[in-house]
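Dropping start-v9.txt in here (compact mmCIF, C-alpha atoms and all ligand atoms):
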# COMPACT_ATOMS: atom_id res chain seq x y z
CA MET T 892 -13.50 -37.74 11.71
CA ASN T 893 -14.07 -41.20 10.32
CA ILE T 894 -17.40 -41.45 8.50
CA ALA T 895 -19.09 -44.55 7.07
CA ILE T 896 -22.33 -45.23 5.22
CA ARG T 897 -24.24 -48.50 5.22
CA TYR T 898 -27.75 -49.17 3.96
CA PHE T 899 -30.27 -51.84 3.10
CA SER T 900 -32.63 -51.25 0.21
CA ARG T 901 -34.96 -53.81 -1.30
CA THR T 902 -36.37 -51.74 -4.14
CA GLY T 903 -33.79 -48.96 -4.55
CA ASN T 904 -35.45 -46.07 -2.70
CA THR T 905 -33.18 -45.93 0.32
CA GLU T 906 -30.24 -46.55 -2.00
CA LYS T 907 -30.98 -43.20 -3.67
CA LEU T 908 -30.60 -41.45 -0.31
CA ALA T 909 -27.45 -43.44 0.47
CA ASN T 910 -25.91 -42.32 -2.81
CA ALA T 911 -26.88 -38.70 -2.19
CA ILE T 912 -25.31 -38.81 1.29
CA SER T 913 -22.25 -40.45 -0.22
CA GLU T 914 -21.87 -37.54 -2.62
CA ALA T 915 -22.30 -35.02 0.17
CA VAL T 916 -19.75 -36.49 2.57
CA ASN T 917 -17.45 -38.08 0.01
CA VAL T 918 -17.55 -41.59 1.46
CA PRO T 919 -18.75 -44.70 -0.40
CA ALA T 920 -22.27 -45.94 0.33
CA LEU T 921 -22.00 -49.66 1.00
CA LYS T 922 -24.66 -52.28 1.69
CA VAL T 923 -25.10 -53.69 5.20
CA TYR T 924 -23.45 -56.91 4.08
CA GLU T 925 -20.13 -55.02 4.20
CA PRO T 926 -18.83 -54.98 7.79
CA LEU T 927 -17.08 -51.90 9.18
CA ASN T 928 -13.37 -52.55 9.03
CA GLU T 929 -12.48 -49.69 11.34
CA LYS T 930 -14.30 -47.59 13.89
CA ALA T 931 -16.71 -45.08 12.38
CA ASP T 932 -17.11 -41.92 14.48
CA VAL T 933 -20.29 -41.28 12.51
CA LEU T 934 -22.21 -44.05 10.80
CA PHE T 935 -25.02 -43.04 8.45
CA LEU T 936 -27.32 -46.07 8.47
CA GLY T 937 -30.12 -46.35 5.92
CA SER T 938 -33.15 -48.61 6.20
CA ALA T 939 -36.78 -48.87 5.15
CA VAL T 940 -40.04 -50.27 6.49
CA TYR T 941 -41.33 -53.67 5.32
CA ALA T 942 -44.49 -55.06 6.92
CA ALA T 943 -44.05 -52.50 9.71
CA GLY T 944 -40.50 -53.65 10.53
CA ILE T 945 -36.90 -53.23 9.44
CA ASP T 946 -35.03 -55.94 7.56
CA GLU T 947 -33.18 -58.65 9.53
CA THR T 948 -29.93 -57.80 7.71
CA VAL T 949 -29.96 -54.34 9.32
CA LYS T 950 -30.38 -55.94 12.74
CA LYS T 951 -27.53 -58.35 12.04
CA PHE T 952 -25.28 -55.52 10.84
CA LEU T 953 -25.84 -53.65 14.10
CA LYS T 954 -25.14 -56.73 16.24
CA ASP T 955 -22.00 -57.62 14.30
CA ASN T 956 -20.58 -54.09 14.19
CA LYS T 957 -21.74 -52.59 17.47
CA ASP T 958 -18.23 -52.03 18.82
CA LYS T 959 -17.19 -50.05 15.75
CA ILE T 960 -19.98 -47.48 15.78
CA GLY T 961 -19.37 -44.12 17.45
CA THR T 962 -22.66 -42.38 16.72
CA LEU T 963 -25.37 -43.82 14.50
CA VAL T 964 -27.24 -41.36 12.28
CA ASN T 965 -30.40 -42.87 10.87
CA PHE T 966 -31.87 -42.23 7.44
CA SER T 967 -34.84 -44.01 5.96
CA THR T 968 -37.70 -44.23 3.51
CA ALA T 969 -41.20 -45.64 3.98
CA ALA T 970 -44.58 -45.41 2.33
CA LEU T 971 -46.70 -44.98 5.45
CA LEU T 972 -44.70 -45.03 8.66
CA PRO T 973 -43.06 -41.74 9.63
CA SER T 974 -39.56 -43.31 9.74
CA THR T 975 -37.49 -46.29 10.94
CA TYR T 976 -35.91 -44.09 13.62
CA ALA T 977 -37.78 -45.44 16.64
CA GLN T 978 -37.10 -49.07 15.72
CA VAL T 979 -33.44 -48.53 14.88
CA LYS T 980 -32.89 -46.43 18.00
CA LYS T 981 -34.36 -49.09 20.28
CA LEU T 982 -32.36 -51.86 18.66
CA ALA T 983 -29.12 -49.87 18.66
CA GLU T 984 -29.46 -48.59 22.21
CA ASP T 985 -30.15 -52.11 23.45
CA LEU T 986 -26.75 -52.99 21.94
CA GLY T 987 -25.08 -50.02 23.63
CA ILE T 988 -24.78 -47.92 20.46
CA ASN T 989 -25.12 -44.15 20.71
CA VAL T 990 -27.86 -42.83 18.39
CA SER T 991 -28.03 -39.24 17.18
CA ASP T 992 -31.33 -37.47 17.68
CA LYS T 993 -30.96 -36.13 14.14
CA GLU T 994 -32.39 -38.24 11.33
CA TYR T 995 -33.40 -37.90 7.71
CA HIS T 996 -36.54 -39.48 6.37
CA CYS T 997 -38.65 -39.12 3.25
CA ARG T 998 -41.37 -41.03 1.48
CA GLY T 999 -40.43 -43.95 -0.75
CA GLU T 1000 -42.39 -45.17 -3.75
CA PHE T 1001 -44.50 -48.23 -3.03
CA MET T 1002 -47.06 -49.59 -5.52
CA VAL T 1003 -49.28 -46.61 -6.44
CA LEU T 1004 -48.01 -44.44 -3.59
CA HIS T 1005 -45.41 -41.66 -3.76
CA LYS T 1006 -44.42 -42.05 -7.41
CA ALA T 1007 -40.68 -41.49 -8.03
CA ARG T 1008 -39.87 -40.70 -4.40
CA PRO T 1009 -37.22 -40.12 -3.25
CA ASN T 1010 -37.04 -37.45 -5.94
CA ALA T 1011 -34.33 -34.90 -6.68
CA ALA T 1012 -35.54 -32.56 -3.94
CA ASP T 1013 -35.52 -35.40 -1.38
CA CYS T 1014 -31.94 -36.25 -2.38
CA GLU T 1015 -30.84 -32.62 -2.13
CA ALA T 1016 -32.39 -32.43 1.33
CA ALA T 1017 -30.55 -35.63 2.32
CA LYS T 1018 -27.28 -34.09 1.16
CA ALA T 1019 -27.89 -30.92 3.16
CA PHE T 1020 -28.78 -33.04 6.20
CA ALA T 1021 -25.58 -35.09 5.91
CA ARG T 1022 -23.43 -31.95 5.59
CA SER T 1023 -25.13 -30.44 8.63
CA VAL T 1024 -24.38 -33.57 10.66
CA ILE T 1025 -20.66 -33.61 9.97
CA ASN T 1026 -20.00 -29.85 10.10
C1 LIG B 1101 -42.65 -55.94 0.95
C2 LIG B 1101 -42.87 -54.50 1.33
C3 LIG B 1101 -43.57 -54.21 2.51
C4 LIG B 1101 -43.77 -52.85 2.88
N1 LIG B 1101 -44.41 -52.59 4.04
C5 LIG B 1101 -44.52 -51.28 4.47
C6 LIG B 1101 -45.12 -50.95 5.73
O1 LIG B 1101 -45.56 -51.81 6.48
N2 LIG B 1101 -45.19 -49.64 6.09
C7 LIG B 1101 -44.67 -48.64 5.31
O2 LIG B 1101 -44.71 -47.47 5.71
N3 LIG B 1101 -44.11 -48.92 4.10
C8 LIG B 1101 -44.02 -50.21 3.66
N4 LIG B 1101 -43.43 -50.51 2.46
C9 LIG B 1101 -42.94 -49.41 1.63
C10 LIG B 1101 -41.45 -49.23 1.76
O3 LIG B 1101 -41.09 -48.90 3.08
C11 LIG B 1101 -41.00 -48.09 0.83
O4 LIG B 1101 -41.35 -48.39 -0.49
C12 LIG B 1101 -39.50 -47.90 0.97
O5 LIG B 1101 -39.14 -46.71 0.30
C13 LIG B 1101 -38.73 -49.07 0.37
O6 LIG B 1101 -37.38 -48.80 0.46
P1 LIG B 1101 -36.31 -49.55 -0.44
O7 LIG B 1101 -36.65 -49.27 -1.87
O8 LIG B 1101 -35.02 -48.93 -0.05
O9 LIG B 1101 -36.41 -51.00 -0.13
C14 LIG B 1101 -43.25 -51.82 2.06
C15 LIG B 1101 -42.56 -52.15 0.88
C16 LIG B 1101 -42.35 -53.45 0.51
C17 LIG B 1101 -41.58 -53.76 -0.77

Before anything else, please render the file you have as structure tokens.
Amino acid sequence: MNIAIRYFSRTGNTEKLANAISEAVNVPALKVYEPLNEKADVLFLGSAVYAAGIDETVKKFLKDNKDKIGTLVNFSTAALLPSTYAQVKKLAEDLGINVSDKEYHCRGEFMVLHKARPNAADCEAAKAFARSVIN
């Protein structure tokens, strides 16, 4: 099974999850600026919420790589919203991309909220999630 990881992270929170997932599935975590060079059966895609939306670079990545994504598995951080899942799912499905109903989400530090999240426990949970997806 070909697995890939891409993420966008403005302040480093989602990057922590991307690195944890990378460790768990033994695949490099790359930023969304790096296109997929071959088809990924499973793409772990990481994003976060900014002003209630996801970053334009995530949208562009999906548009540019839609034909190389088998199943998209979403992971995300946010301070208030439950997850980016609904937004990513809508966007991806509009492009014809299959989206897993499994996702991983945890809180991300923002100003005075959720200090040091994702923390070690969040990262361990992300690893367990990633292993459960590919096994
Ligand atoms: C400019 C900005 C706007 C944000 N707006 C929201 C928001 O509308 N809703 C929310 O739940 N979190 C919001 N957050 C919090 C981020 O989603 C949270 O800190 C997330 O973990 C950031 O991920 P990152 O470090 O990978 O960029 C915002 C953060 C920033 C920096």

(message) Using all atoms listed in the file, which residues have at least one atom no more than 10 Å from ligand LIG 1101 (chain B)? Output them as an NGL selection string.
(response) :T and (898-909 or 937-946 or 967-975 or 996-1002 or 1004-1009)

(request) Could you please determine the separation between CA of Glu1015 in chain T and CA of Gln978 in chain T in Å, to one decimal place? (result)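 One can read the CA of Glu1015 in chain T to CA of Gln978 in chain T distance as 25.1 Å.
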
(message) Show me the residues around (-21.6, -46.6, 1.7) - criterion: an atom at most 12 Å away, only C-alpha atoms counted - as a ChimeraX atom specification.
(response) /T:894-899,905-927,931,934-937

(message) Just to confirm, what's the straight-line distance from CA of Asn893 in chain T to CA of Asp932 in chain T in Å (one decimal)?
(response) 5.2 Å

(message) Given all atoms listed in the file as the basis, pick out the residue of T:Tyr976, T:Asn1026, T:Val1003, T:Cys1014 nearest to Val933 in chain T.
(response) T:Asn1026

(request) Could you check which of T:Lys951, T:Phe966, T:Lys981, T:Asn956 is closest to Lys1018 in chain T, using all atoms listed in the file? (result) T:Phe966

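The shortest atom-to-atom distance to Glu947 in chain T, with all atoms listed in the file taken into account, belongs to T:Leu982 out of T:Leu982, T:Ala977, T:Asn965, T:Ala1016.
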
(request) Provide the CA of Thr962 in chain T to CA of Ala1019 in chain T distance in Å, to one decimal place. (result)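 Interatomic distance, CA of Thr962 in chain T to CA of Ala1019 in chain T: 18.5 Å.
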
(message) List as a PyMOL selection string the protein and nucleic acid residues near Val990 in chain T, meaning an atom at most 7 Å away when all atoms listed in the file are counted, but skip any in the same chain fewer than 4 places from it.
(response) chain T and resi 962-964+980

(request) Pick out the closest residue to Asp958 in chain T from this set: T:Arg1022, T:Lys930, T:Asp985, T:Val979. Count all atoms listed in the file. (result) T:Lys930

Can you patch up range 1004-1022 of chain T, filling it in to N, CA and C atoms, and show the result as a tab-separated table (two decimals), in the coordinates of the input?
chain	number	residue	atom	x	y	z
T	1004	LEU	N	-48.28	-45.58	-4.49
T	1004	LEU	CA	-48.01	-44.44	-3.59
T	1004	LEU	C	-46.68	-43.77	-3.88
T	1005	HIS	N	-46.65	-42.45	-3.75
T	1005	HIS	CA	-45.41	-41.66	-3.76
T	1005	HIS	C	-44.54	-41.91	-4.98
T	1006	LYS	N	-45.13	-41.80	-6.15
T	1006	LYS	CA	-44.42	-42.05	-7.41
T	1006	LYS	C	-43.09	-41.31	-7.46
T	1007	ALA	N	-42.03	-42.05	-7.80
T	1007	ALA	CA	-40.68	-41.49	-8.03
T	1007	ALA	C	-40.02	-40.88	-6.79
T	1008	ARG	N	-40.56	-41.14	-5.63
T	1008	ARG	CA	-39.87	-40.70	-4.40
T	1008	ARG	C	-38.88	-41.80	-3.97
T	1009	PRO	N	-37.75	-41.47	-3.40
T	1009	PRO	CA	-37.22	-40.12	-3.25
T	1009	PRO	C	-36.95	-39.47	-4.61
T	1010	ASN	N	-37.29	-38.19	-4.71
T	1010	ASN	CA	-37.04	-37.45	-5.94
T	1010	ASN	C	-35.81	-36.55	-5.76
T	1011	ALA	N	-35.55	-35.72	-6.75
T	1011	ALA	CA	-34.33	-34.90	-6.68
T	1011	ALA	C	-34.33	-34.00	-5.45
T	1012	ALA	N	-35.47	-33.45	-5.12
T	1012	ALA	CA	-35.54	-32.56	-3.94
T	1012	ALA	C	-35.25	-33.34	-2.65
T	1013	ASP	N	-35.78	-34.55	-2.57
T	1013	ASP	CA	-35.52	-35.40	-1.38
T	1013	ASP	C	-34.01	-35.67	-1.26
T	1014	CYS	N	-33.38	-35.93	-2.41
T	1014	CYS	CA	-31.94	-36.25	-2.38
T	1014	CYS	C	-31.13	-35.02	-2.02
T	1015	GLU	N	-31.54	-33.87	-2.52
T	1015	GLU	CA	-30.84	-32.62	-2.13
T	1015	GLU	C	-30.98	-32.38	-0.63
T	1016	ALA	N	-32.16	-32.61	-0.11
T	1016	ALA	CA	-32.39	-32.43	1.33
T	1016	ALA	C	-31.55	-33.42	2.14
T	1017	ALA	N	-31.39	-34.63	1.63
T	1017	ALA	CA	-30.55	-35.63	2.32
T	1017	ALA	C	-29.10	-35.18	2.32
T	1018	LYS	N	-28.66	-34.59	1.22
T	1018	LYS	CA	-27.28	-34.09	1.16
T	1018	LYS	C	-27.07	-32.98	2.18
T	1019	ALA	N	-28.01	-32.05	2.22
T	1019	ALA	CA	-27.89	-30.92	3.16
T	1019	ALA	C	-27.89	-31.45	4.60
T	1020	PHE	N	-28.73	-32.43	4.86
T	1020	PHE	CA	-28.78	-33.04	6.20
T	1020	PHE	C	-27.41	-33.63	6.56
T	1021	ALA	N	-26.85	-34.42	5.63
T	1021	ALA	CA	-25.58	-35.09	5.91
T	1021	ALA	C	-24.47	-34.07	6.18
T	1022	ARG	N	-24.45	-33.00	5.37
T	1022	ARG	CA	-23.43	-31.95	5.59
T	1022	ARG	C	-23.62	-31.31	6.96
